[in-house]
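Structure, as C-alpha cells:
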Amino acid sequence: MTGKLGPLLPQDQREAQEKRLRDVWETPSGWRYWTSVNNSEIGLWYGCTAFIFMLFAGVLALLIRLQLAVPDNTFLSANFFNQAFTLHGTVMMFLFAVPIFEAVAIFLLPSMLGARELPFPRLSAFGFWSFAIGGVFVCGSIFFGAAPNSGWFMYPPLATDKEQTGIGADIWLLGLSFIEVASIAAAVELIVGIMKCRAPGMRVNMMPLFAWYLLIVAGMILFAFPPLIAGDLLFEMQRMFDWPFFDAERGGDPLLWQHLFWIFGHPEVYIIFLPAIALMAMIVPTFSQRPIVGYSWIVLAAVGTGFLSFGLWVHHMFTTGLPQISLAFFSAASEAVVIPTGVQIFVFIATMLAGRVIFSVPMLFGAGALAIFIIGGLTGVMVALVPFDWQAHDTYFVVAHLHYVLIGGMLFPVTAGIYYFYPFFNGKKLSDAWGKIAFWLMFVGFNVAFFPMHFAGLRGMPRRVFTYPAEMGWDWFNLISTVGAFVFAAGFLIVVADVVRPKTRQAPAKPNPWNAGTMEWLNQHEESWGIRSIPIIKSRYPLWDQPDLRKNIEDGRYYLPDAETGHRETLVTSVLDGAPQQVLRVGGSSYVTMIAAFLLGGVFIALTYEWWWTTIICAIGTLIAILYWLWTGTAQIPEAEMRDAGLGERFPLYVSGPASVGWWAMFITMVGDGTAFASLIFGYFFYWTIHDDFTGGQVGPGWQWPLAAAALFVIAWGCMLLARFANTRNLASTMRLSIAVSLLLTIAGIAAGLMGPYQHAMEPTLHVYPATVWILAIWTSTHGAVALIMQLYCLARSYAGYLTADYDQDLCNVVLYWHFMVFTAVVTYLTIGLFPELR
Amino acid sequence: MKSFIPREVETLWTLFTAPAVWALHFLVCYVAAAIYCAKPGFLGLGFLDLRWLLGGLTFIALAFIVLAGYLAWRQWGFGSGDPPHDEPTRDDRKLFQGFATLLLCGLSFVAVIYTAIPLIFLAECQS
C-alpha cells in the first residue's frame, strides 16, 4: 500500500530542499517571535493562554468554596462573591472551554490531516490576539472591583440596570463580543481546513474522527454564536442609549434575552463537549491497539448531536411561564439527544472490548471522564423533565449537574489529551507516576466536591447565595464540597507542575510513543514546516497500514517536497475524495494581524467606557489594518499559472469562485452573519407575538422608503452580477462602470433605508417598536457600508492591475457577499415596510 | 415514465438531509404553538386545528425522511456490503456516505416522533 512515490534524491539535494523549506517556514526569533502565524505557535499560545485563564477561574472557584464552607461566613463580601461566581462561569465557558478546543484544533489538525498549514494562518493569529486581549480585559476587571456580577448569563432586568451592575455588564458584553470574533474566525479556519486541506487520498470515509467532530462543531459555532452577538447588540443599545429591548414598561421583554442567550448557550455545551469527546475518539483506538469499532456510528453521533443540540435551549427556561406545549417540545428534544450521546459511549466501550486495552494515564483520565460524564448525563435526563426541573431549577442540583457534565465531558478528556499529546509537541512524555496521583486526587476530589451538591440542591439550597444561615441543614454538604474542591485543585496542580517542570535531562520519547495509527504522530516537533512532504493516504490509520510512510515522507518522496518558489505552500484537495486541485500559498509571519487585533480591541474597550473619539479612531485604524492585510496578503497574482507539486503533477496556484478557499471563507462568515440577522428578525416577530398591538401605538417607517431601499439594493446587486459577467468577458471598463453604478445605488439604498424611520421621527427610546425598526435599518445600512468598501476595493484592485479576467478572486468574493447583502436588505425592508400594513 | 426518485448525487450535503428535516419540523412546531398560544384565535384556528396541521406536517416530515432513508439505502448498495467501508476507493467512500446517512435518517425519524408526542398528550396552552 505505498502507491505513487517520487524518486529518492541524493542526500545533498534533499538537504538543500530541507534548507529551503526550513527558511520559508522559519519561526522568527527574538521579540519578532510574536509575529509568527504558524499553527504550532498559535496553537501553543492559544492553549497556554486558555489554561492561564482556567487557573485564574479555578482560584475564583476556590474562593467561592471557602466562602460557602461554613454558614454565615464573612470571608468574602456579597459584592465580591457575585463578581467571583460571575467571572468564574464566564471565564470557564468563554475563555477556557471554547478556546481550548480552538487551540487544540489549530495545533493538531494540520498534522492530523497531513497538511502543511491551515488555509488562513493569519486569521488564526488574528483570532488568538483577539481572544487574548479580550480575555485579559474581562479577567482584569475584578482587580478594579469592576467585574460583571449578575451571573454568567446576564439576565435582564438586573443586568440592564446600570445602578445595580455598574460597568461590569458592559465589560462582559463588549469583551465577550470581541472574543466571539475569535470563535467565528476559528470556525472559518476549521471548516475550510477540514474540507479542503486534507492530504491527497484522504476521502471522507478516511478522515480522522477528530476532524469529523471538529467539522460539526465549527458548523455549530456558525449558528450558535451569532444569536448571542445579536443579543449583545440589543443589550448594549439598551445600556448605552436606553433603547428598551428588554424593558417591559416600554414594550420590551427580558425573555427575548433568555431566548437569544440560550439559543447560543445550549449548543455551546455541545460545542465544548464534542471536541473533548473527539480527543477520546483518538485516544481509545490507540490504547485498544485497533481501529475504532463503528466509525460511521461516531459520525452519526457527531452530526446528530450537532443538530439536536439546537432543539434544547428552552430547557433552561422551563420556569419562565411559557406554554406547556412549548416546554414539552424541548423536553422531547432533550431526551432525544441522549441517543447520539449514548451511541458514542457504547462505541468506545465496544472498541475497548474488541481490542487489548493498555492502561495508561490518558486512558485513566478517559475512563474517569466517562464515569463522571455518565452521572452528569443521568441527572441531565432528570432535569430535562419539566416537573422535576420545576423543583430543581436554580438550586445546587443544577450546579452539580452542570459540573458533572462539563468536567466529565470536557476537563477530564482534555487532561487525557494533555498526557496523550504532550510528546507530540516537545518529544517527551509526562510522568506516569505523577499522572496517576493527579488522576486519583482529581477524580476523588471532584466527586467529593460535587456529589454532595445534589443533596444540598434537593434540600433547597439556591445557586448564587453568598452565604446561608446555619439552621438550613446545608452545613455539612458545603463543608464536604469545599474539602473536595481543594483536593481536586491539588490534583490539577500536579498536572500543571508536571507540564511546566524542566525536562532537559529526560530522555526523548520514541517518535510515535503510544504506537498510534493517525498522521499527527509523524510530526517532527523540532521543525516548523508541518510535514516534510505531503503523502498519499490510503487508510484510516496510515501509520499502522502504510509501511515506510514516515521514511518516504521524510525523504521528500511525496507532494511539495521543496520550497524553491520561496512561498509557504500547502495542497488543496477535493471535498469528497481528497483529489489534489491546487497549490495554495498561505500567509507568513506578519505584524498586521496583531495590529488589527489590538486596534479592534481598542474599539471594544473604548466603547465600554463610552470614549467615542477613541472608538472612532480605533475603528478607522482597524479598517486600514485589515485593508492593508487584504491588499498585501490575499489574491496575489502568482509568477506562473501552474506549479510543479512533485510526483510529476502540476496544479494551479490561483483559483477563484467556489473552487477557492477564500470564497468558502466568505460563504461561511456570511452564514454566521445571516444567523445574527435572523436573530434580529426573530426579535421583531417576537415582540409581535407578545403584544396585541406590537407598534404600541407608535408611528412606523411607512412603506414607501423601505420599498425604495429594497429596490435600490436589488438593482445594485444586479449591477454587481453584471460587473462579474463583464469581467469574465474581459470588458474591464464595463466592469468598472457597473461597480461604480452599483456603488452609487448602494449609497442611495443606505440613505433610503434610514429615511423611513428618520422621516417619521421614530423615537427609539420611547418604545421597543421604533427601537426594533431602527436596529434593523442600522444593521442593513452597516452591511451596505461594508459593501461600499468592498466595491471601492474592487475598483482599486482593478486599476492597480490585480483584478483581471483571469485573476478575479476579489470580485467573485464580493459578489458572494452581495448575494447575502441583497437577501438582508430585501428581508429587512419588506419586514419593516410591509408587515405593519398587513397585520 | 420518468421516475420521481432523484438520481444519485455526489455531495457531502445529503448527509445532513434528515437532521435538517427534523430541525425544520421542530422549528415549525415550536413557532406554530408559540404563536397560537400567544395570540389566541390567530387566523381563526382552534387547538384541534393546530394539532391536525402539525400532525399532517409530522407525517410529511416522516415521509420525507423515509424517502431520504431509501436514497441512503440505495447509496449504501441496499446493504450489500458491511461496514467499516474504510478502503481507499470511491466505492467505499460512497458506501460509507450511504450508511452514515441511513443511520442519521433513523435518528431523525425517532427524533421527529419525539417532537410530535406532546401534540398527542397536551391539549391546551396552559402555562
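As shown in the C-alpha cells, the chain order sets the letters A, B, ...; within each chain, residues go from 1, and ligands are also counted from 1 in the order they appear.
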
Problem set entry | Residue list for chain B near chain A as a PyMOL selection string, 9 Å, only C-alpha atoms | chain B and resi 10-12+15-16+19-20+22-23+26-27+29-31+33-35+37-39+83-90+92-97+99-101+103-104+107-108+110-112+114-119+122-127

For this session: Write out as a PyMOL selection string all residues of stretch 16-122 of chain B that backbone DSSP assigns to helix (DSSP H, G or I).
Result: chain B and resi 16-38+42-44+47-75+77-79+90-121

For this session: Return the single residue from A:Leu406, A:Leu838, A:Ala433, A:Leu123 that is closest to A:Ile626, with distances computed using only C-alpha atoms.
Result: A:Leu123

Nearby residues (only C-alpha atoms) at most 10 Å from A:Leu176, same-chain spacing under 2 positions excluded, as a PDB file with N, CA and C atoms, in the first residue's frame:
ATOM      1  N   THR A  90     -18.119  32.748  33.520  1.00  0.00           N
ATOM      2  CA  THR A  90     -17.812  33.384  32.244  1.00  0.00           C
ATOM      3  C   THR A  90     -16.456  32.931  31.708  1.00  0.00           C
ATOM      4  N   VAL A  91     -15.455  32.957  32.581  1.00  0.00           N
ATOM      5  CA  VAL A  91     -14.099  32.632  32.132  1.00  0.00           C
ATOM      6  C   VAL A  91     -14.014  31.159  31.749  1.00  0.00           C
ATOM      7  N   PHE A  94     -16.189  30.895  28.320  1.00  0.00           N
ATOM      8  CA  PHE A  94     -15.790  31.671  27.139  1.00  0.00           C
ATOM      9  C   PHE A  94     -14.283  31.732  26.942  1.00  0.00           C
ATOM     10  N   LEU A  95     -13.537  31.653  28.032  1.00  0.00           N
ATOM     11  CA  LEU A  95     -12.088  31.856  27.907  1.00  0.00           C
ATOM     12  C   LEU A  95     -11.303  30.572  28.103  1.00  0.00           C
ATOM     13  N   PHE A 131      -8.668  37.026  21.147  1.00  0.00           N
ATOM     14  CA  PHE A 131      -9.034  36.260  22.335  1.00  0.00           C
ATOM     15  C   PHE A 131      -8.193  36.704  23.540  1.00  0.00           C
ATOM     16  N   GLY A 134      -9.145  40.378  24.655  1.00  0.00           N
ATOM     17  CA  GLY A 134     -10.476  40.393  25.269  1.00  0.00           C
ATOM     18  C   GLY A 134     -10.469  39.680  26.611  1.00  0.00           C
ATOM     19  N   GLY A 135      -9.758  38.569  26.687  1.00  0.00           N
ATOM     20  CA  GLY A 135      -9.718  37.788  27.917  1.00  0.00           C
ATOM     21  C   GLY A 135      -9.061  38.543  29.057  1.00  0.00           C
ATOM     22  N   PHE A 137      -8.805  41.718  29.348  1.00  0.00           N
ATOM     23  CA  PHE A 137      -9.707  42.828  29.686  1.00  0.00           C
ATOM     24  C   PHE A 137     -10.818  42.350  30.628  1.00  0.00           C
ATOM     25  N   VAL A 138     -11.449  41.228  30.263  1.00  0.00           N
ATOM     26  CA  VAL A 138     -12.568  40.737  31.089  1.00  0.00           C
ATOM     27  C   VAL A 138     -12.059  40.278  32.456  1.00  0.00           C
ATOM     28  N   ASP A 170     -21.119  45.919  30.972  1.00  0.00           N
ATOM     29  CA  ASP A 170     -20.574  46.377  29.683  1.00  0.00           C
ATOM     30  C   ASP A 170     -19.287  45.641  29.356  1.00  0.00           C
ATOM     31  N   ILE A 171     -18.470  45.438  30.379  1.00  0.00           N
ATOM     32  CA  ILE A 171     -17.213  44.715  30.158  1.00  0.00           C
ATOM     33  C   ILE A 171     -17.518  43.306  29.664  1.00  0.00           C
ATOM     34  N   TRP A 172     -18.506  42.694  30.291  1.00  0.00           N
ATOM     35  CA  TRP A 172     -18.908  41.338  29.879  1.00  0.00           C
ATOM     36  C   TRP A 172     -19.361  41.346  28.425  1.00  0.00           C
ATOM     37  N   LEU A 173     -20.311  42.256  28.120  1.00  0.00           N
ATOM     38  CA  LEU A 173     -20.927  42.247  26.794  1.00  0.00           C
ATOM     39  C   LEU A 173     -19.918  42.544  25.705  1.00  0.00           C
ATOM     40  N   LEU A 174     -19.138  43.612  25.892  1.00  0.00           N
ATOM     41  CA  LEU A 174     -18.230  44.018  24.819  1.00  0.00           C
ATOM     42  C   LEU A 174     -17.009  43.117  24.767  1.00  0.00           C
ATOM     43  N   PHE A 178     -16.143  40.642  21.491  1.00  0.00           N
ATOM     44  CA  PHE A 178     -14.841  40.674  20.847  1.00  0.00           C
ATOM     45  C   PHE A 178     -14.268  39.247  20.742  1.00  0.00           C
ATOM     46  N   ILE A 179     -14.431  38.481  21.828  1.00  0.00           N
ATOM     47  CA  ILE A 179     -13.892  37.124  21.825  1.00  0.00           C
ATOM     48  C   ILE A 179     -14.662  36.230  20.862  1.00  0.00           C
ATOM     49  N   GLU A 180     -15.957  36.534  20.695  1.00  0.00           N
ATOM     50  CA  GLU A 180     -16.746  35.740  19.749  1.00  0.00           C
ATOM     51  C   GLU A 180     -16.204  35.888  18.328  1.00  0.00           C
ATOM     52  N   VAL A 181     -15.605  37.046  18.046  1.00  0.00           N
ATOM     53  CA  VAL A 181     -14.949  37.232  16.746  1.00  0.00           C
ATOM     54  C   VAL A 181     -13.918  36.118  16.543  1.00  0.00           C
ATOM     55  N   ALA A 182     -13.172  35.830  17.624  1.00  0.00           N
ATOM     56  CA  ALA A 182     -12.138  34.799  17.528  1.00  0.00           C
ATOM     57  C   ALA A 182     -12.755  33.439  17.242  1.00  0.00           C
ATOM     58  N   LEU A 228     -26.043  35.184  20.006  1.00  0.00           N
ATOM     59  CA  LEU A 228     -25.553  35.899  21.182  1.00  0.00           C
ATOM     60  C   LEU A 228     -25.000  37.265  20.781  1.00  0.00           C
ATOM     61  N   ILE A 229     -24.333  37.319  19.623  1.00  0.00           N
ATOM     62  CA  ILE A 229     -23.825  38.610  19.156  1.00  0.00           C
ATOM     63  C   ILE A 229     -24.997  39.569  18.941  1.00  0.00           C
ATOM     64  N   ASP A 232     -26.197  40.594  22.313  1.00  0.00           N
ATOM     65  CA  ASP A 232     -25.262  41.571  22.895  1.00  0.00           C
ATOM     66  C   ASP A 232     -25.515  42.958  22.325  1.00  0.00           C
ATOM     67  N   PHE A 604     -13.539  47.931  21.092  1.00  0.00           N
ATOM     68  CA  PHE A 604     -14.451  47.363  22.082  1.00  0.00           C
ATOM     69  C   PHE A 604     -14.201  47.941  23.475  1.00  0.00           C
TER      70      PHE A 604
END

Exercise. So how far away is atom CA of A:Leu214 from atom CA of A:Pro542, in Å?
Worked result: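 Atom CA of A:Pro542 sits 20.1 Å away from atom CA of A:Leu214.
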
Problem set entry | Selected residue of minimal separation from A:Glu554 among A:Phe450, A:Trp529, A:Phe346, A:Tyr799, counting only C-alpha atoms | A:Trp529

Neighbours of A:Ile620 within 9 Å (only C-alpha atoms; same-chain residues fewer than 5 positions away dropped), as a compact mmCIF listing (two decimals) with C-alpha atoms, in the first residue's frame?
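This is the output file out33.txt:
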# COMPACT_ATOMS: atom_id res chain seq x y z
CA LEU A 599 -7.00 48.13 17.21
CA THR A 615 -13.68 54.30 19.39
CA ALA A 625 -5.06 47.46 9.02

Exercise. Interatomic distance between atom CA of A:Asn82 and atom CA of A:Ile142?
Worked result: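 Answer for the atom CA of A:Asn82 to atom CA of A:Ile142 separation: 10.7 Å.
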
For this session: For A:Leu9, list every protein, DNA or RNA residue within 12 Å, evaluated using only C-alpha atoms, and leave out those in the same chain fewer than 6 positions away; present the list as a ChimeraX atom specification.
Result: /A:15-17,552,554-558,561-562

Store the residues of this selection in a file with C-alpha atoms, as a CSV table (one decimal), in the first residue's frame.
chain,number,residue,atom,x,y,z
A,15,GLU,CA,19.3,18.6,2.4
A,16,ALA,CA,19.1,21.6,0.0
A,17,GLN,CA,15.3,21.1,-0.1
A,552,ASN,CA,9.1,8.2,2.5
A,554,GLU,CA,10.9,12.5,5.5
A,555,ASP,CA,12.8,11.6,2.3
A,556,GLY,CA,10.6,14.0,0.5
A,557,ARG,CA,9.2,11.5,-1.9
A,558,TYR,CA,5.6,12.8,-1.9
A,561,PRO,CA,8.9,18.3,-1.0
A,562,ASP,CA,10.6,21.6,-1.8

For this session: Would you kindly return, as an MDAnalysis selection string, each protein, DNA or RNA residue with an atom no farther than 12 Å from any atom of A:Gly602, considering only C-alpha atoms and excluding same-chain residues fewer than 2 positions away?
Result: chainID A and resid 130 133:134 137 174:175 178 595:600 604:622

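The closest residue to A:Gln67, picked from A:Leu256, A:Ala84, A:Ala761, A:Met442 and counting only C-alpha atoms, is A:Ala84.
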